[in-house]
Amino acid sequence: MEYEVKAKKLTSDELRQSYLDFFADKGHKIVPSSSLVPHGDPTLLLTSAGMVQFKPYFTGAKEPPCARLTSCQKCFRTTDINLVGDSRHLTFFEMLGNFSIGDYFKKEAIAWAWEFVTERLALPKERLWITIYLDDDEAFNYWKEIGIPEEKILRFGDEDNFWGPAGDSGPCGPCTEIHYDMGEEFGCGRDDCGPNCECGRFCEIWNLVFTQYNQDIHGERTPLRKPNIDTGMGLERTLAAIQGKGSPYETDSFSPLVEYVCRLSGKKYGEAADTDRAIRIVAEHGRGIAFLVADGVLPANGGRGYVLRRILRRASVFGRRLGLDSPFLADFAEVVIDQMMHVYPELSDNHDLIMQVVGAEENRFAATIEAGLAQVEELMADAIDRKRSYLEGGDVFRLYDTYGFPLELTSEIAREKGISVDMEGFDSAMEEQRERARAAMKLGSGADDYMPLSAMKNGIVATEFTGYEKDVCRSRVFDIRVAGQRATTASQGDDIGIILTKTPFYAEMGGQVGDTGEIRGKGGRVVVANVTKSSSDVIVHRGSVIEGNILNGDEVEARIDLSRRLDIARNHTSTHLLQAVLREVLGAHVQQRGSLVDSEKLRFDFSQMQPLSQSEIREIQRKVNEIIRRNLEVAAKVISYDEAMSEGATALFEEKYGNMVRVIEIGQPSISRELCGGTHVKSTGELGIFLVVSASSIGTGLYRIEAVTGRGAELMMERRFSDLAVIAGDVEVPLEEAASRVRALMDDLEKERRRSLLLERELSGRIAELLIEQAEDVDGAKLLLVEVPPLTPPVLREMGDVLRNKLGSSVIVLVVAQDGRPGFLSMVTQDLVGKGIHAGDLIKQMTRVTGGGGGGKASMAQGGGRDLSRVGEALKLARGIVMERLSSR
């Protein structure tokens with residue numbers, strides 16, 4: 001729907017540039033959009049506002065390049081996913097913003113906003129309304145000063161006009177908004193219709209946030225040293241206002257995408273509400289998908305990856321409602337890239353990655369979508385038949401678990417029929433599966449079982465860890481468990497769990513295994529085999545008393561196996577180097593998805609869609625070893641979480657961190673900076689050498705590299721050189737010529753294999769000619785059950801085909817002896833299959849007699865046995881079955 005407006009008819013590109021130029025003229029530095037993946041901020045799922053990249057400036061943790069900044073920021077809000085499809089809501093959008101870092105405040109922000117919308121955009125003043133926070137009289141007076149009538153300045157509470165932090169913590173404060181009246185034809189008709197009415201007549205185009213506070217992760221607010229300005233103007237909404245459109249989907253930001261969907265599906269936009277909704281969902285989600293992947297988000301079952309997976313599958317489902325039954329989203333992404341890459345070059349830079357990720361994920365979903373949709377329809381039909389207004393949670397979970405059908409999508413489809421989902425039942429089924437997984441994987445350390453009542457009563461809930469500085473320390477036995485039971489003493493031979501007041505032993509966590517070593521007291525000695533930590537930071541040493549007795553309260557010496565600790569430290573530091581190099585070589589999309597660090601090797605799982613080439617693996621290994629040779633310092637420091645984030649430290653999104661964190665930094669300037677509680681070497685030169693052992697895919701979008709360093713790398717090289725020397729000796733050439741000699745031998749072997757196959761086929765043809773004469777005629781059908789010379793399975797099948805073609809209506813059973821065991825092949829022509837003779841059944845019966853197994857189709861089956869001496873009995877049985885079936889025709 002269009003309406004008359006006197007504003008300047010700018011395009012999206014012109015509006016974006018006009019905004020940035022306007023604030024550049026006001027002394028603002030233009031800053032490029034940051035990634036949709038917030039850098040170093042695991043509290044935030046995706047970038048949802050323009051101020052996210054400026055958060056360290058607002059909190060004072062980092063100096064800004066300029067006190068006045070402006071940007072056009074890519075944003076993504078997951079709260080609106082289910083609402084996308086109406087004429088207003090978007091998940092991905094562009095946010096124009098101007099920011100003051102302790103410079104100007106409310107007066108200038110309000111004046112410049114009014115100047116831009118009324119002079120630069122020429123929006124009619126009579127259509128503009130203002131909202132402010134309940135008690136913000138200062139903002140009220142500034143709006144009055146520039147000529148806004150009091151009746152057009154409305155006050156609202158926290159829900160509408162107080163802006164919380166982007167994530168769990170950060171700057172916040174009251175806000176004022178500019179709303180655009182799109183006209184009565186867009187409204188609800190109520191007398192009290194106005195800004196913030198749900199009908200959509202009044203469109204919020206600009207939000208000016210007066211950030212006066214910083215909110216911590218506990219919700220506590222403290223005044224900022226200097227108040228700041230954080231504004232956000234939605235480009236798509238503002239574009240609709242100045243272009244006189246009733247919806248962002250009708251502006252030039254979306255019209256090429258909408259037109260493409262219409263062209264692809266043969267549908268027309270604006271003719272049917274359901275069709276329009278599906279078109280908008282495909283266009284909006286398709287745009288968001290391309291931007292998410294370009295910024296390194298890959299499909300997953302949790303976190304950002306699940307957001308991508310969810311909108312991709314939602315777009316795929318609604319595409320099918322438009323008749324798009326074949327995968328189409330990769331082609332759609334191509335359109336998005338062509339349209340937007342001049343503004344966001346990361347789209348073209350990551351073109352191949354986007355194509356591959358979108359194509360692979362859509363094809364994966366396409367394999368189950370029909371069955372999934374059918375199941376949803378069945379569940380809804382069953383609910384209606386039973387006069388039930390909801391779907392059983394357990395059924396919905398099975399749909400999610402079996403077909404990868406997102407819960408939200410099932411809920412949305414059901415809601416269209418007025419049916420809800422039993423969320424309690426779904427959550428219960430999900431938790432049951434998690435419990436089964438936990439039990440199967442034995443993830444629990446059991447350390448909480450060792451939490452002594454005395455410790456809780458005395459308020460001692462954590463073991464002092466001295467292992468960053470020391471490999472041995474004096475301590476005291478605080479608690480002992482023998483066979484899981486509290487004890488005051490443990491004797492030689494007892495398997496125990498022991499808690500010390502302080503310890504140098506690192507407890508298993510963060511992917512790093514626990515230390516081993518010894519605990520010695522005046523009367524006994526304990527060998528520690530593993531160390532775990534409880535949820536209350538109590539460190540439990542598990543091991544065996546190998547000498548004397550250990551008593552509760554004993555003064556002891558705790559000593560770790562230092563050589564093993566150093567092996568682990570080398571491998572742990574290498575994972576940090578590996579991650580940094582992977583991001584350099586493969587791209588910023590690489591994110592850690594798991595790790596294991598022990599004394600023998602390191603294992604690193606990361607997000608990656610494309611297989612790694614051998615040249616990429618060599619480059620990764622080479623770059624890590626270059627860093628090792630530079631002997632860079634590996635430094636650890638404990639600083640505030642906010643300070644670590646402002647310095648750009650890498651953190652795991654799923655991890656929860658306290659106010660103070662430990663940062664491992666490699667090199668100056670830093671090549672790696674990560675939040676990490678593990679043990680590390682002092683300099684990269686201590687790693688010696690880094691060798692990749694294997695690199696392989698472990699699932700969709702997941703790759704795993706295993707590697708060795710230090711002593712493990714030395715051992716691997718020794719073994720490989722030793723093996724190579726043996727091979728060189730066997731093929732009688734010098735070591736450096738072994739590889740080429742082996743390749744030559746393999747070529748010769750392949751030639752001989754092909755020659756052997758030709759001879760075998762020639763032999764099988766001659767045997768087949770002889771066997772034709774042995775076929776028995778039974779009521780017009782040929783019966784051939786014989787033993788034949790040893791043939792490879794492919795040649796045996798070819799012989800069976802030849803015999804079946806030449807014999808016509810026939811039942812054929814061929815038996816070969818391979819390595820002292822019988823192998824069976826059965827073939828039945830279609831006319832006799834129709835008479836009840838089944839090749840698979842014959843094979844099952846014969847292999848059962850010979851102690852093996854097998855099966856197959858009615859016309860052809862194979863199997864094998866163990867007892868060669870019973871082949872005659874098996875053939876006799878098969879002949880009897882066939883004769884019985886033929887005689888009963």
# chains A, B, ... in the order shown; residues from 1 in each chain; ligands from 1
$ residues_around --residues "stretch 121-137 of chain A" --least-positions-apart "2" --cutoff "8 Å" --atoms "only C-alpha atoms" --output "MDAnalysis selection string"
chainID A and resid 5:8 116:119 139:141 152:158 161:162 174:182 195 242
$ residues_around --residues "A:Ser544" --least-positions-apart "6" --cutoff "9 Å" --atoms "only C-alpha atoms" --output "list in words"
Gln492, Gly493, Asp494, Asp495, Ile496, Gly497, Arg525, Val526, Val527, Val528 and Ala529 of chain A
$ residues_around --residues "A:Gln339" --least-positions-apart "3" --cutoff "9 Å" --atoms "only C-alpha atoms" --output "count of residues only"
8
$ residues_around --residues "A:Gly800" --least-positions-apart "3" --cutoff "12 Å" --atoms "only C-alpha atoms" --output "number ranges by chain"
A: 764-765, 767-769, 771-772, 784-786, 788, 791, 793-797, 803-808, 810-815, 824-829, 859-862
$ atom_distance --atom1 "atom CA of A:Ala278" --atom2 "atom CA of A:Glu184"
26.7 Å
$ closest_residue --among "A:Arg885, A:Arg313, A:Arg630, A:Arg622" --to "A:Gly359" --atoms "only C-alpha atoms"
A:Arg313
$ closest_residue --among "A:Arg755, A:Arg870, A:Arg388, A:Arg16" --to "A:Ser420" --atoms "only C-alpha atoms"
A:Arg388
$ residues_around --residues "A:Met423" --least-positions-apart "4" --cutoff "10 Å" --atoms "only C-alpha atoms" --output "VMD selection string"
chain A and resid 390 to 394 396 to 397 407 411 427 to 429
$ write_last_selection --atoms "all heavy atoms" --output "compact mmCIF listing (two decimals), in the first residue's frame"
# COMPACT_ATOMS: atom_id res chain seq x y z
N TYR A 390 -4.07 -29.17 21.82
CA TYR A 390 -2.62 -29.07 21.85
C TYR A 390 -1.98 -30.34 21.29
O TYR A 390 -2.61 -31.39 21.22
CB TYR A 390 -2.13 -28.85 23.29
CG TYR A 390 -2.47 -29.98 24.23
CD1 TYR A 390 -1.60 -31.06 24.42
CD2 TYR A 390 -3.68 -29.98 24.92
CE1 TYR A 390 -1.92 -32.11 25.25
CE2 TYR A 390 -4.01 -31.03 25.78
CZ TYR A 390 -3.13 -32.09 25.94
OH TYR A 390 -3.46 -33.14 26.77
N LEU A 391 -0.72 -30.21 20.90
CA LEU A 391 0.07 -31.36 20.47
C LEU A 391 0.86 -31.88 21.66
O LEU A 391 1.41 -31.09 22.44
CB LEU A 391 1.04 -30.97 19.35
CG LEU A 391 0.46 -30.37 18.08
CD1 LEU A 391 1.58 -30.10 17.07
CD2 LEU A 391 -0.58 -31.29 17.47
N GLU A 392 0.94 -33.19 21.80
CA GLU A 392 1.69 -33.78 22.90
C GLU A 392 3.17 -33.39 22.79
O GLU A 392 3.78 -33.51 21.72
CB GLU A 392 1.57 -35.31 22.87
CG GLU A 392 0.16 -35.83 23.15
CD GLU A 392 -0.15 -35.86 24.63
OE1 GLU A 392 0.72 -35.40 25.43
OE2 GLU A 392 -1.24 -36.33 25.00
N GLY A 393 3.74 -32.94 23.91
CA GLY A 393 5.13 -32.50 23.91
C GLY A 393 6.11 -33.59 23.48
O GLY A 393 7.08 -33.32 22.76
N GLY A 394 5.86 -34.82 23.89
CA GLY A 394 6.74 -35.93 23.52
C GLY A 394 6.73 -36.17 22.03
O GLY A 394 7.77 -36.46 21.42
N VAL A 396 6.06 -33.88 19.69
CA VAL A 396 6.75 -32.76 19.06
C VAL A 396 8.26 -32.91 19.21
O VAL A 396 9.03 -32.61 18.29
CB VAL A 396 6.29 -31.42 19.67
CG1 VAL A 396 7.09 -30.25 19.10
CG2 VAL A 396 4.80 -31.22 19.40
N PHE A 397 8.69 -33.44 20.36
CA PHE A 397 10.13 -33.65 20.56
C PHE A 397 10.65 -34.71 19.58
O PHE A 397 11.74 -34.56 19.01
CB PHE A 397 10.44 -34.08 21.99
CG PHE A 397 11.89 -34.44 22.18
CD1 PHE A 397 12.85 -33.45 22.26
CD2 PHE A 397 12.30 -35.77 22.20
CE1 PHE A 397 14.19 -33.77 22.39
CE2 PHE A 397 13.63 -36.09 22.34
CZ PHE A 397 14.58 -35.09 22.43
N LEU A 407 11.27 -26.77 16.94
CA LEU A 407 10.08 -26.64 17.79
C LEU A 407 9.26 -25.41 17.39
O LEU A 407 8.03 -25.47 17.30
CB LEU A 407 10.52 -26.52 19.26
CG LEU A 407 9.48 -25.98 20.25
CD1 LEU A 407 8.34 -26.96 20.41
CD2 LEU A 407 10.14 -25.70 21.61
N SER A 411 5.36 -25.24 16.24
CA SER A 411 4.42 -24.41 16.99
C SER A 411 3.71 -23.43 16.06
O SER A 411 2.50 -23.22 16.17
CB SER A 411 5.16 -23.64 18.08
OG SER A 411 5.76 -24.51 19.00
N ASP A 427 9.78 -30.10 26.99
CA ASP A 427 10.96 -29.88 27.83
C ASP A 427 11.33 -31.14 28.60
O ASP A 427 12.51 -31.45 28.79
CB ASP A 427 10.70 -28.73 28.80
CG ASP A 427 10.60 -27.39 28.09
OD1 ASP A 427 11.09 -27.27 26.95
OD2 ASP A 427 10.02 -26.45 28.67
N SER A 428 10.31 -31.87 29.06
CA SER A 428 10.55 -33.10 29.81
C SER A 428 11.24 -34.14 28.92
O SER A 428 12.20 -34.80 29.34
CB SER A 428 9.23 -33.66 30.36
OG SER A 428 9.45 -34.89 31.00
N ALA A 429 10.75 -34.28 27.68
CA ALA A 429 11.36 -35.24 26.75
C ALA A 429 12.79 -34.83 26.41
O ALA A 429 13.68 -35.67 26.29
CB ALA A 429 10.51 -35.35 25.48
$ closest_residue --among "A:Gln17, A:Ser740, A:Ser87, A:Ser389" --to "A:Cys199" --atoms "only C-alpha atoms"
A:Ser87
$ select_by_dssp --residues "stretch 730-798 of chain A" --states "alpha helix (DSSP H)" --output "MDAnalysis selection string"
chainID A and resid 730 738:772 793:798
$ closest_residue --among "A:Asp385, A:Asp103, A:Glu361, A:Asp86" --to "A:Asp274" --atoms "only C-alpha atoms"
A:Asp86
$ residues_around --residues "A:Ser599" --least-positions-apart "5" --cutoff "7 Å" --atoms "only C-alpha atoms" --output "list in words"
Arg564, Asp567 and Ile568 of chain A
$ write_last_selection --atoms "C-alpha atoms" --output "tab-separated table (two decimals), in the first residue's frame"
chain	number	residue	atom	x	y	z
A	564	ARG	CA	53.57	-34.80	32.11
A	567	ASP	CA	53.59	-32.08	27.85
A	568	ILE	CA	49.99	-30.99	28.56
$ closest_residue --among "A:Gly85, A:Gly418, A:Gly232, A:Gly173" --to "A:Ile281" --atoms "only C-alpha atoms"
A:Gly85
$ closest_residue --among "A:Phe22, A:Tyr641, A:Phe291, A:Trp206" --to "A:Glu674" --atoms "only C-alpha atoms"
A:Tyr641
$ atom_distance --atom1 "atom CA of A:Gly856" --atom2 "atom CA of A:Gly836"
15.0 Å
$ select_by_dssp --residues "stretch 146-230 of chain A" --states "strand (DSSP E or B)" --output "JSON, numbers by chain"
{"A": [153, 154, 155, 156, 162, 163, 170, 171, 172, 173, 174, 175, 176, 177, 178, 179, 180, 181, 202, 203, 204, 205, 206, 207, 208, 209, 210, 211, 212, 213, 214, 215, 221, 222, 223, 224, 225, 226, 227, 228, 229, 230]}
